[in-house]
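Peer 1: Provided herewith is a single structure, encoded as structure tokens, for subsequent inquiry.
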Amino acid sequence: MGQRGTHGGFSGSLVVGALDAILSVVLSPSCAACDDLLLHPTRGPVCDACWRSILPLTPPLCDRCGDPLPAWRMVSLPLACCPRCRRARRLVDRARAIGAYDGALRAIIHALKYDGRRSLARPLGRLMRERGAEILDGAACLVPVPLHPSRRRHRGFNQAADLARHVGMPVRPALRRVRATPAQTGLPAARRHRNLRDAFAATRAAATLTGAVVVLIDDVSTTGATLEACARALKEAGVAEVRALTAARVVSPPR
Ligand SMILES: [Zn+2]
Ligand SMILES: [Zn+2]
């Protein structure tokens, strides 16, 4: 998981081990995801067991949106697409995530977003790079999904921008949110799409991306409505291909 191995040498690991022991006794810090006592607090606010529990989505996946497909599709179609992607052409050309929005991954994203545990963006960004390698391949830059300025002020940071910074590629703030949208939670997919249409606009930074392949970065893809609205603004600004890489994805059950 890349959580360890940054401390040099034997004496260094002794010191870190002692520090872990002292911190866990004095502070009794608990894992931000499962609440168990952290045995190695110097490795970050989430325990090793939680990181290990985050599994990639099981193939076969829809070639476009990344949703899991029933296994038989693998045999019948070489480039398989889920029913939703076959019904309507999407503006996001390909999307992938670290894993399903569930369990430890969901708890970690909550801790990052709502408890301000911004240090979690680094290991999440690293996982996005590992599991999203095919999405990042050949792309010119990353574009974080922006928050509306009022929400950005309230939260103090944009979690998508934090994640993008740790994926390890150039980041371009090519989008801005021009309209505050009511909370999306609980809205059906069609309403979400309507709600978000024209909520984003390209910034001046997008002018350098004509004809380019870019990767949108966000914490969670729920119905894909936000990513679609972002992709629309980028393509109208001349971007050739828009991919998306999110920390997690709400998956529809395979059909
Ligand atoms: Zn844990
Ligand atoms: Zn699909």
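Following the order of the structure tokens, chains are lettered A, B, ..., residues in each are numbered from 1, and ligands are numbered from 1.
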Residues near region 212-229 of chain A, anyone? I mean within 8 Å using only C-alpha atoms, not counting same-chain ones fewer than 3 positions away, as a ChimeraX atom specification.

Peer 2: /A:90-92,101,109,135-136,138-145,159-161,163-164,189,192-193,196-200,209,232-233,239-251

Peer 1: What's the 7 Å shell around region 64-70 of chain A, counting only C-alpha atoms, without same-chain residues fewer than 5 positions away, as a list in words?

Peer 2: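 My reading of the contact set: Leu57, Thr58, Pro59, Cys81, Cys82, Asp93, Arg94, Ala95, Arg96, Val251, Ser252, Pro254 and Arg255 of chain A.
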
Peer 1: As a ChimeraX atom specification, please: the residues near Ala21 (chain A) (cut-off 10 Å, only C-alpha atoms, same-chain neighbours under 4 positions excluded).

Peer 2: /A:15-17,25-26,28,38-42

Peer 1: Grab the residues selected above and save them as a CSV table (one decimal), in the first residue's frame with C-alpha atoms.

Peer 2:
chain,number,residue,atom,x,y,z
A,15,VAL,CA,12.9,4.9,16.5
A,16,VAL,CA,9.7,4.8,14.5
A,17,GLY,CA,8.7,1.6,16.3
A,25,VAL,CA,-0.3,4.6,24.5
A,26,VAL,CA,-0.4,8.3,25.0
A,28,SER,CA,-4.8,6.1,21.8
A,38,LEU,CA,-3.9,2.4,15.6
A,39,LEU,CA,-0.8,0.2,16.2
A,40,HIS,CA,1.3,2.3,13.9
A,41,PRO,CA,0.1,5.9,14.1
A,42,THR,CA,3.2,7.2,12.3

Peer 1: Between CA of Leu187 (chain A) and CA of Pro173 (chain A), what is the distance, to one decimal in Å?

Peer 2: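 Here the two named atoms are 27.7 Å from each other.
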
Peer 1: Taking only C-alpha atoms and all ligand atoms into account, report as a list in words which residues have an atom no farther than 10 Å from an atom of ligand 1.

Peer 2: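 Protein and nucleic-acid residues within 10 Å of ligand 1: Ser30, Cys31, Ala32, Ala33, Cys34, Asp35, Asp36, Leu37, Leu38, Pro45, Val46, Cys47, Asp48, Ala49, Cys50, Trp51, Arg52, Ser53, Ala104, Ala107 and Ile108 of chain A.
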
Peer 1: If you measure from CA of Pro188 (chain A) to CA of Arg84 (chain A), what distance in Å do you get, rounded to one decimal?

Peer 2: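 Going from CA of Pro188 (chain A) over to CA of Arg84 (chain A) covers 14.9 Å.
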
Peer 1: I need the helix (DSSP H, G or I) residues of region 215-255 of chain A per DSSP on the backbone, written as an MDAnalysis selection string.

Peer 2: chainID A and resid 225:236
